[in-house]
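K.L.:
One structure, pasted below without further comment.
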Amino acid sequence: MGKLIKKSRLLNTPPGTMIYEGGSTSNKVKITVFDYDAGHFTETVVDDVEQCFTYKDKPTVTWINVDGLTRMDILEKLSHCYQLHHLVLEDILNINQRPKAEDFESYFYIVSKMVSMEEIKDEVNEEQVSILLGSNFVITFQEEKEGDVFDAIRQRIRKDQGRIRKMGADYLAYRLLDAIVDNYFIVLEKIGGKIETIEGSLLVEPNTGIVHTISALKRNLIFLRKSVWPLREVIRTVTQTDSPLIRPETLVYFRDIHDHAIQAVDTIEAFRDTASSMLDVYLSSMNHRLNEVMKVLTIIATIFMPLTFITGLYGMNFNTHASPYNMPELNWYYGYPFVLGTMVLVVSGMLYYFKRKGWF
Amino acid sequence: MGKLIKKSRLLNTPPGTMIYEGGSTSNKVKITVFDYDAGHFTETVVDDVEQCFTYKDKPTVTWINVDGLTRMDILEKLSHCYQLHHLVLEDILNINQRPKAEDFESYFYIVSKMVSMEEIKDEVNEEQVSILLGSNFVITFQEEKEGDVFDAIRQRIRKDQGRIRKMGADYLAYRLLDAIVDNYFIVLEKIGGKIETIEGSLLVEPNTGIVHTISALKRNLIFLRKSVWPLREVIRTVTQTDSPLIRPETLVYFRDIHDHAIQAVDTIEAFRDTASSMLDVYLSSMNHRLNEVMKVLTIIATIFMPLTFITGLYGMNFNTHASPYNMPELNWYYGYPFVLGTMVLVVSGMLYYFKRKGWF
Amino acid sequence: MGKLIKKSRLLNTPPGTMIYEGGSTSNKVKITVFDYDAGHFTETVVDDVEQCFTYKDKPTVTWINVDGLTRMDILEKLSHCYQLHHLVLEDILNINQRPKAEDFESYFYIVSKMVSMEEIKDEVNEEQVSILLGSNFVITFQEEKEGDVFDAIRQRIRKDQGRIRKMGADYLAYRLLDAIVDNYFIVLEKIGGKIETIEGSLLVEPNTGIVHTISALKRNLIFLRKSVWPLREVIRTVTQTDSPLIRPETLVYFRDIHDHAIQAVDTIEAFRDTASSMLDVYLSSMNHRLNEVMKVLTIIATIFMPLTFITGLYGMNFNTHASPYNMPELNWYYGYPFVLGTMVLVVSGMLYYFKRKGWF
Amino acid sequence: MGKLIKKSRLLNTPPGTMIYEGGSTSNKVKITVFDYDAGHFTETVVDDVEQCFTYKDKPTVTWINVDGLTRMDILEKLSHCYQLHHLVLEDILNINQRPKAEDFESYFYIVSKMVSMEEIKDEVNEEQVSILLGSNFVITFQEEKEGDVFDAIRQRIRKDQGRIRKMGADYLAYRLLDAIVDNYFIVLEKIGGKIETIEGSLLVEPNTGIVHTISALKRNLIFLRKSVWPLREVIRTVTQTDSPLIRPETLVYFRDIHDHAIQAVDTIEAFRDTASSMLDVYLSSMNHRLNEVMKVLTIIATIFMPLTFITGLYGMNFNTHASPYNMPELNWYYGYPFVLGTMVLVVSGMLYYFKRKGWF
Amino acid sequence: MGKLIKKSRLLNTPPGTMIYEGGSTSNKVKITVFDYDAGHFTETVVDDVEQCFTYKDKPTVTWINVDGLTRMDILEKLSHCYQLHHLVLEDILNINQRPKAEDFESYFYIVSKMVSMEEIKDEVNEEQVSILLGSNFVITFQEEKEGDVFDAIRQRIRKDQGRIRKMGADYLAYRLLDAIVDNYFIVLEKIGGKIETIEGSLLVEPNTGIVHTISALKRNLIFLRKSVWPLREVIRTVTQTDSPLIRPETLVYFRDIHDHAIQAVDTIEAFRDTASSMLDVYLSSMNHRLNEVMKVLTIIATIFMPLTFITGLYGMNFNTHASPYNMPELNWYYGYPFVLGTMVLVVSGMLYYFKRKGWF
């Protein structure tokens with residue numbers, strides 16, 4: 001399951017100290033620059049971040065994607081070039097950030113979480129994506145791996161599909177957020193599949209592993225909720241902004257992903273309710289099995305205890321010669337058949353009693 | 001039960017790609033046009049959607065009902081004719097949409113869910129209904145089957161019953177939404193009947209199937225809530241609009257269905273509480289049965305174990321000849337009656353003890 | 001318990017169709033007219049509703065109480081005379097209405113629920129009361145039986161007690177709502193008494209019937225909450241109105257019943273918490289009893305199983321003549337006392353063990 | 001525990017009827033008048049309420065404390081003198097009032113609940129305190145006993161401690177409310193102590209009485225919450241008033257008790273969570289004990305049942321003379337030692353099995 | 001665990017009485033003064049608080065840190081010098097204060113809680129920190145020990161690191177609050193570690209201690225929530241102030257810690273959900289173990305009870321000479337092998353039955 005809190009080296013360090021907190025310490029940072037307008041398009045992988053700065057004053061849309069957060073110098077150069085607030089830089093590096101949106105007048109700063117689910121370990125993972133939206137640029141920061149959810153967007157820019165090349169930086173930001181939100185649904189679909197699997201096995205053969213599976217499911221949902229809940233708020237903030245960075249005609253798109261984010265929250269809540277309900281079913285079926293086991297035990301004990309008592313009775317060694325009162329049955333002509341008959345009667349009586357109690 | 005999330009092909013495709021996601025792939029799309037005012041009425045099933053466009057500039061109310069979402073071309077033609085935003089088109093096709101209402105100035109876009117309950121499988125199903133309300137037109141899109149809930153409205157238009165023919169397009173939209181909301185109550189009534197059935201069997205004979213029934217019930221309620229909760233909000237949005245598309249005299253009608261939608265939400269919540277309460281009753285009656293079973297076992301064991309011990313005692317083979325201390329009881333004149341008497345005493349004592357403990 | 005949803009014939013019928021949905025189909029409708037001001041008072045039971053219309057333009061306060069909702073013609077005449085919106089008429093007839101208040105400028109329309117509790121079946125029932133408040137009239141509609149809760153008010157009008165005859169129609173409306181809200185407390189007191197009874201029996205002798213009683217209690221509370229919760233909102237709406245129908249000096253009275261309604265909601269919530277808490281106590285006392293039963297069983301089994309084993313041991317038929325190793329104890333002089341002594345030791349050991357475990 | 005609703009004689013009586021509903025019917029009403037300003041101070045116990053009226057037009061602060069609500073005439077005289085709304089009079093008498101604050105322009109009417117906890121019965125009781133705040137007077141009404149929580153305030157007025165004598169009537173009202181709120185913390189501290197006691201005994205020796213104690217605790221918390229929750233709102237209303245009765249410099253004091261009231265609500269919620277958590281611990285420790293008991297039973301049964309079977313086997317009376325197949329073991333030279341050895345093996349095997357299962 | 005309410009001596013004492021309520025009564029109070037601006041810096045430990053007053057009118061930033069709340073005179077002198085409201089003084093001393101922020105125009109008063117977690121006892125403790133922010137001064141009051149969380153800030157002031165020396169008093173206040181909020185994450189990380197430990201042991205070997213650990217965890221979370229929840233509100237109040245004490249450029253910093261505080265609340269909620277989920281897993285694994293134990297018992301009993309019955313049967317002492325019906329099996333040539341065979345059949349049957357029931 002996703003860890004609810006990552007070990008952080010940033011805590012207790014003063015604000016203003018910039019330390020990247022991700023797990024990997026490899027120095028590889030990949031910077032990709034897309035520069036486009038309706039008419040032209042260039043895609044460059046740059047070594048030196050300063051190569052990006054030439055795009056700054058062009059009227060075209062520039063998308064700088066930074067993969068990896070380990071090189072302080074790159075971040076500081078970018079920060080200097082685009083005049084970012086130093087708190088923004090710290091927040092980009094602090095990967096335990098809560099999704100949020102802040103309006104710094106000359107740019108918008110959006111923090112969101114990209115989720116993925118590893119099939120094998122059933123773990124939901126998240127990667128922090130920071131998006132800076134300016135009037136003619138979008139800068140994105142990702143933790144480590146190249147974010148696949150953005151590949152479709154890259155493809156559309158390259159091939160000039162749809163309206164993306166005709167629109168501004170705000171539309172690009174919308175497309176990135178939209179890809180992130182849509183991705184939640186992919187994870188939710190996987191979880192939905194898992195729920196159906198669990199429900200199937202609940203009907204057939206409830207076993208103890210199910211509790212762990214349901215519990216893992218619940219934790220994944222808690223984890224997802226923790227990142228999608230504030231994301232909803234983030235997008236709402238954007239839709240209600242009066243910043244000139246987001247043009248009125250783009251607002252309708254943001255409202256659309258706002259609806260999707262609420263839908264994701266609704267689905268998570270419904271899944272949580274379902275998981276609780278499945279746990280109830282599991283517990284009551286466990287209870288039911290215990291009842292069944294106890295019934296079998298009770299039936300067996302209730303039938304054989306009286307029988308064993310009777311056999312014990314006639315296994316006593318009273319001296320039949322010493323007195324006529326001492327177990328004369330032992331010497332009766334039909335003594336043994338009589339005892340066997342008694343036993344049959346006892347068993348029949350018990351069975352009738354259980355039948356009437358509805359134990360079969 | 002209704003699936004909380006449908007497998008979707010739209011995810012990960014860029015916005016702007018229009019793919020219908022419903023289950024059926026049959027190409028059959030049925031377009032029906034009602035055109036009416038107080039004085040006249042025409043009903044046409046059109047093959048080519050372009051036939052509808054003649055109605056566009058007439059002052060009469062035009063209701064175009066599109067059954068089936070598989071023909072892209074039809075949607076695009078309609079979209080072009082009525083100048084719909086392409087996001088609206090995408091939303092019409094995305095049948096996992098959350099109920100919502102959006103004001104696009106020249107038209108209102110409302111997404112809602114029509115529910116139905118299959119008696120046999122106890123499953124609540126939903127079908128997405130998109131309603132576009134313009135100044136003189138209403139366009140509705142349904143997933144597949146002809147929506148029966150609208151039949152009564154069609155009938156009233158045809159026969160000029162009530163005030164529908166005298167009113168505008170906004171009143172028609174109200175009537176459509178009203179039919180959808182009323183339909184929730186029909187499903188809720190069925191669920192209410194089911195709850196009464198379960199309560200009856202809880203009193204008589206609690207069996208393990210009940211948990212599954214209650215659990216299915218709960219999931220249906222979670223499912224219903226997921227679609228009626230936002231619907232309430234949708235209608236509230238409409239009642240508070242200042243759009244000229246909805247005339248002041250129609251607002252009172254929308255307020256009325258707003259009350260109904262809240263009523264539906266209240267009922268769902270009350271049903272959920274009731275379902276939880278029934279589960280409590282079931283679990284405690286299971287618990288009670290376990291107690292009963294264990295009491296029977298304990299009573300039997302507590303009575304027969306001492307008896308069996310006594311019989312075992314006198315079944316030992318100590319040599320009574322070797323010593324006067326070796327089980328002289330075996331040779332007593334009243335040995336056997338004495339032992340039987342002892343047993344009667346033991347049983348009586350035990351029964352008295354259980355009586356006092358209140359186990360009978 | 002009160003049904004959470006009543007079978008309704010209105011569903012799926014178009015708005016504008018007026019069908020009364022109550023259970024009774026008897027045609028008896030009783031119309032009573034009170035007309036009064038500080039100086040005079042008349043009380044009439046009218047056969048024909050048209051007799052009421054003479055009061056319409058008088059400056060006196062007129063209270064028309066309609067008992068029974070089966071005569072369409074009466075309602076329509078009233079509606080015509082007082083120019084009621086046809087939606088109001090439909091709502092009066094739809095007895096599954098949620099409590100609500102609506103301002104139609106020339107009159108206020110208030111829907112509320114009058115509750116009662118049948119002692120024997122422990123069922124809370126409700127009856128819908130619609131109140132129409134105009135500048136000089138109040139019209140009330142009840143389902144069937146004469147509403148006893150209004151009797152005290154009738155008495156005060158007749159006898160000119162208090163200030164009711166000196167005040168306007170808005171004060172009368174307040175008095176009617178106040179009677180309805182006070183009535184909730186009477187039902188809540190009965191439920192409070194029931195809770196105390198259950199608590200008493202929980203302490204003495206928890207039995208399985210308690211779960212059903214608590215469950216019925218909970219359903220009654222769910223039912224009450226469903227009608228008093230919106231009522232609170234209704235009264236708040238009235239207190240915040242700026243309609244001239246409700247005079248400023250009357251507002252303080254409505255604020256007072258608003259406080260009472262909140263108090264009722266608080267009490268219902270507290271009762272629900274208490275009911276849940278009682279269920280916990282019941283379940284844990286069931287659990288405790290199971291533990292007790294199991295302890296008795298275990299003590300008995302743990303004492304007698306070893307004893308029975310020992311008796312079995314010396315009941316074996318090994319041939320003591322065949323070898324000196326074959327059960328020489330049987331021929332010992334103190335064999336039997338030795339075995340009895342061993343048994344006493346075993347029992348003492350077991351009892352000591354249970355003592356130390358704290359099982360007594 | 002505190003009763004959630006008191007039997008009330010007021011219900012169903014028309015508003016305007018003034019009946020005191022407290023338990024006691026003794027006629028003793030004690031009226032104490034404090035009249036003070038920075039320079040002078042008088043304290044009088046008056047027999048006739050009319051003696052108070054002389055203070056009405058003095059510029060000094062007058063505090064009239066009425067203990068006991070049984071003398072209608074006193075209340076009516078006061079009401080007449082200070083021109084109170086008759087609804088206020090009714091509310092003072094109705095001791096089931098929800099805490100509330102109302103601004104009647106010439107005076108403020110505040111209802112609050114004074115709580116106390118009887119150590120022996122573990123019951124939280126409440127007494128309604130009504131406070132009327134005018135420009136130069138405060139009138140307080142209490143149910144019966146002299147309110148000890150106000151004693152400290154009386155002392156300070158008498159001895160001219162602190163700033164109370166220098167301040168106006170609004171400051172006195174603040175001090176009274178502050179005493180009432182502080183008193184909640186005294187009760188909460190007692191409950192906190194009780195929680196610690198329960199936690200201690202949960203760790204040592206969970207017994208069935210604990211559930212009843214926790215349940216009583218919960219009810220007390222439900223009861224407290226029911227009176228402190230609205231009190232919070234009451235004080236907030238006062239802090240946000242723009243009434244000239246409360247001077248700006250006094251508002252900061254009211255804000256301070258508002259914080260305290262929120263603190264009380266927080267503490268109650270935290271205690272409720274703790275109580276639920278304790279119940280979980282109790283239930284799971286009960287469960288654990290059941291498991292332990294069952295393990296002992298199972299170990300005993302699993303060891304002795306096979307042994308008893310073996311002894312039974314060699315207790316059978318097959319005729320060894322009739323055939324060499326009939327229990328030749330009985331005549332073996334090492335027959336008995338062989339059987340004893342077998343038994344030791346069986347026991348060892350079982351113990352090993354339990355060990356591996358981790359049952360010891 | 002943190003106590004939810006501390007024993008307080010302040011209760012019932014009149015406001016205006018100033019009594020410190022902390023545990024320690026030692027008189028040691030340590031006052032440290034930092035005075036700095038971009039150019040200079042002095043750090044002084046003063047004996048007499050009056051030494052601080054020289055800084056009052058300097059334009060530099062003065063940070064007075066008071067460790068220990070036992071010396072009334074010091075507080076009163078400070079209060080007099082900085083013209084603090086006497087309610088503020090009382091609140092500083094009342095260490096059960098709820099976190100809050102109040103604007104007294106010439107200064108801001110902020111109460112917050114500094115938390116720490118003792119590794120060994122798993123207890124979360126809190127210490128109240130009061131912060132007074134003026135135009136050119138910050139005064140902090142702590143309960144007893146020197147607050148380590150502020151050490152990093154002291155260091156940065158001394159060494160002129162970052163921008164702290166260049167900024168005003170409001171930035172210093174931000175840094176102090178930031179240190180306090182960051183500290184919550186350190187405690188949350190420890191709790192996160194504890195949760196992982198518990199989850200590990202839940203998978204391996206659930207034992208009864210886990211419930212107590214989870215319960216302690218929950219109480220710590222309840223405790224943390226009680227102090228961080230209002231802190232969030234406190235910081236929001238500061239971010240929305242229009243007080244000139246907090247410069248617009250500092251507001252962005254406060255918004256940043258507001259996000260962190262929300263993040264802390266989210267994490268606490270997620271941890272609480274996780275703890276509940278773990279309890280469910282524990283309980284169901286307990287349940288599962290009980291089922292396992294009962295199955296073993298039932299299998300053993302069901303196999304050996306019939307066998308013991310058979311051996312008992314042939315241990316009866318019927319006189320085979322008295323009649324040919326009396327246990328002729330005892331004299332059969334293959335009597336014993338036949339009985340053994342029967343037993344094998346019975347065991348096989350039982351094992352087959354259990355197999356089919358899925359009990360292995």
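Ordering of the structure tokens sets the chain letters (A, B, ...), residue numbers begin anew at 1 in every chain, and ligands are numbered from 1 in the order given.
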Could you list, as a PyMOL selection string, every residue of chain A that has an atom within 10 Å of an atom of chain C, counting only C-alpha atoms?

P.N.:
chain A and resi 312+315-317

K.L.:
Would you pick out the contacts of segment 37-54 of chain D at 10 Å or less, using only C-alpha atoms, so that residues sharing its chain but fewer than 5 positions from it are not included, and give the list as a PyMOL selection string?

P.N.:
chain D and resi 29-32+59-66+73-75+77-78+81-82+154+157-160+163-169

K.L.:
Could you write those residues out with N, CA and C atoms, as a compact mmCIF listing (two decimals), in the first residue's frame?

P.N.:
# COMPACT_ATOMS: atom_id res chain seq x y z
N VAL D 29 -39.20 30.43 47.42
CA VAL D 29 -38.44 31.14 46.40
C VAL D 29 -37.57 32.16 47.12
N LYS D 30 -36.29 32.17 46.79
CA LYS D 30 -35.39 33.09 47.47
C LYS D 30 -34.89 34.14 46.48
N ILE D 31 -35.08 35.39 46.81
CA ILE D 31 -34.65 36.46 45.91
C ILE D 31 -33.55 37.26 46.59
N THR D 32 -32.41 37.31 45.93
CA THR D 32 -31.28 38.05 46.48
C THR D 32 -30.95 39.19 45.52
N PRO D 59 -28.38 54.21 38.48
CA PRO D 59 -27.31 53.94 37.50
C PRO D 59 -26.42 52.75 37.93
N THR D 60 -26.56 52.32 39.17
CA THR D 60 -25.72 51.20 39.64
C THR D 60 -26.13 49.90 38.95
N VAL D 61 -25.23 48.90 39.07
CA VAL D 61 -25.53 47.57 38.53
C VAL D 61 -26.35 46.80 39.55
N THR D 62 -27.48 46.24 39.12
CA THR D 62 -28.34 45.47 40.01
C THR D 62 -28.38 44.02 39.54
N TRP D 63 -28.06 43.11 40.45
CA TRP D 63 -28.15 41.69 40.11
C TRP D 63 -29.22 41.06 40.97
N ILE D 64 -30.32 40.66 40.35
CA ILE D 64 -31.40 39.99 41.07
C ILE D 64 -31.31 38.51 40.77
N ASN D 65 -31.09 37.72 41.81
CA ASN D 65 -30.99 36.28 41.61
C ASN D 65 -32.21 35.62 42.19
N VAL D 66 -32.99 34.91 41.35
CA VAL D 66 -34.21 34.24 41.81
C VAL D 66 -33.95 32.75 41.86
N ASP D 73 -46.52 34.62 40.65
CA ASP D 73 -46.76 36.05 40.88
C ASP D 73 -45.46 36.87 40.83
N ILE D 74 -44.39 36.28 41.42
CA ILE D 74 -43.10 36.98 41.42
C ILE D 74 -42.64 37.21 40.01
N LEU D 75 -42.69 36.13 39.22
CA LEU D 75 -42.24 36.24 37.84
C LEU D 75 -43.04 37.28 37.08
N LYS D 77 -44.65 39.86 38.25
CA LYS D 77 -44.33 41.22 38.68
C LYS D 77 -43.01 41.69 38.07
N LEU D 78 -42.01 40.80 38.12
CA LEU D 78 -40.71 41.13 37.53
C LEU D 78 -40.89 41.45 36.05
N CYS D 81 -42.44 44.79 35.57
CA CYS D 81 -41.53 45.89 35.90
C CYS D 81 -40.47 46.08 34.82
N TYR D 82 -39.90 44.97 34.38
CA TYR D 82 -38.81 45.07 33.40
C TYR D 82 -39.31 44.91 31.97
N ARG D 154 -20.11 36.20 43.93
CA ARG D 154 -20.70 36.98 45.02
C ARG D 154 -19.61 37.49 45.97
N ILE D 157 -17.72 40.40 44.57
CA ILE D 157 -18.48 41.66 44.61
C ILE D 157 -18.43 42.22 46.03
N ARG D 158 -18.69 41.32 46.99
CA ARG D 158 -18.70 41.77 48.38
C ARG D 158 -17.37 42.38 48.76
N LYS D 159 -16.27 41.72 48.39
CA LYS D 159 -14.95 42.16 48.84
C LYS D 159 -14.28 43.11 47.86
N ASP D 160 -15.00 43.44 46.80
CA ASP D 160 -14.46 44.36 45.79
C ASP D 160 -13.11 43.87 45.25
N ARG D 163 -11.78 43.45 39.00
CA ARG D 163 -12.37 44.63 38.38
C ARG D 163 -13.90 44.60 38.32
N ILE D 164 -14.52 43.64 38.96
CA ILE D 164 -15.96 43.44 38.77
C ILE D 164 -16.80 44.65 39.20
N ARG D 165 -16.41 45.27 40.31
CA ARG D 165 -17.22 46.40 40.80
C ARG D 165 -17.06 47.61 39.90
N LYS D 166 -15.92 47.62 39.16
CA LYS D 166 -15.69 48.79 38.31
C LYS D 166 -16.39 48.65 36.94
N MET D 167 -16.86 47.48 36.65
CA MET D 167 -17.41 47.23 35.32
C MET D 167 -18.94 47.23 35.37
N GLY D 168 -19.55 47.12 34.17
CA GLY D 168 -21.00 47.23 34.08
C GLY D 168 -21.70 45.88 34.19
N ALA D 169 -22.98 45.91 33.86
CA ALA D 169 -23.81 44.71 33.94
C ALA D 169 -23.35 43.66 32.94

K.L.:
I need the residues of segment 82-230 of chain E that end up classed as alpha helix (DSSP H) by DSSP on the backbone, written out as a PyMOL selection string.

P.N.:
chain E and resi 86-93+151-159+169-204+209-230

K.L.:
Grab the atom CA of Ile257 of chain B to atom CA of Leu133 of chain C distance for me, in Å with one decimal place.

P.N.:
22.5 Å

K.L.:
I'd like the interatomic distance between atom CA of Ile131 of chain D and atom CA of Leu87 of chain E, to a tenth of an Å.

P.N.:
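Separating atom CA of Ile131 of chain D from atom CA of Leu87 of chain E is a distance of 23.3 Å.
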
K.L.:
Report the distance between atom CA of Leu290 of chain C and atom CA of Met286 of chain D in Å, rounded to one decimal place.

P.N.:
10.1 Å

K.L.:
Taking 3 positions as the minimum chain separation for residues in the same chain, which residues sit within 10 Å of Ser277 of chain B when counting only C-alpha atoms? Answer as a PyMOL selection string.

P.N.:
(chain B and resi 271-274+280-283) or (chain C and resi 211-212+214-216+218-219+276)

K.L.:
Given only C-alpha atoms as the basis, pick out the residue of D:Arg247, D:Arg289, D:Arg232, D:Lys121 nearest to Leu217 of chain D.

P.N.:
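For Leu217 of chain D, the nearest of the given residues is D:Lys121.
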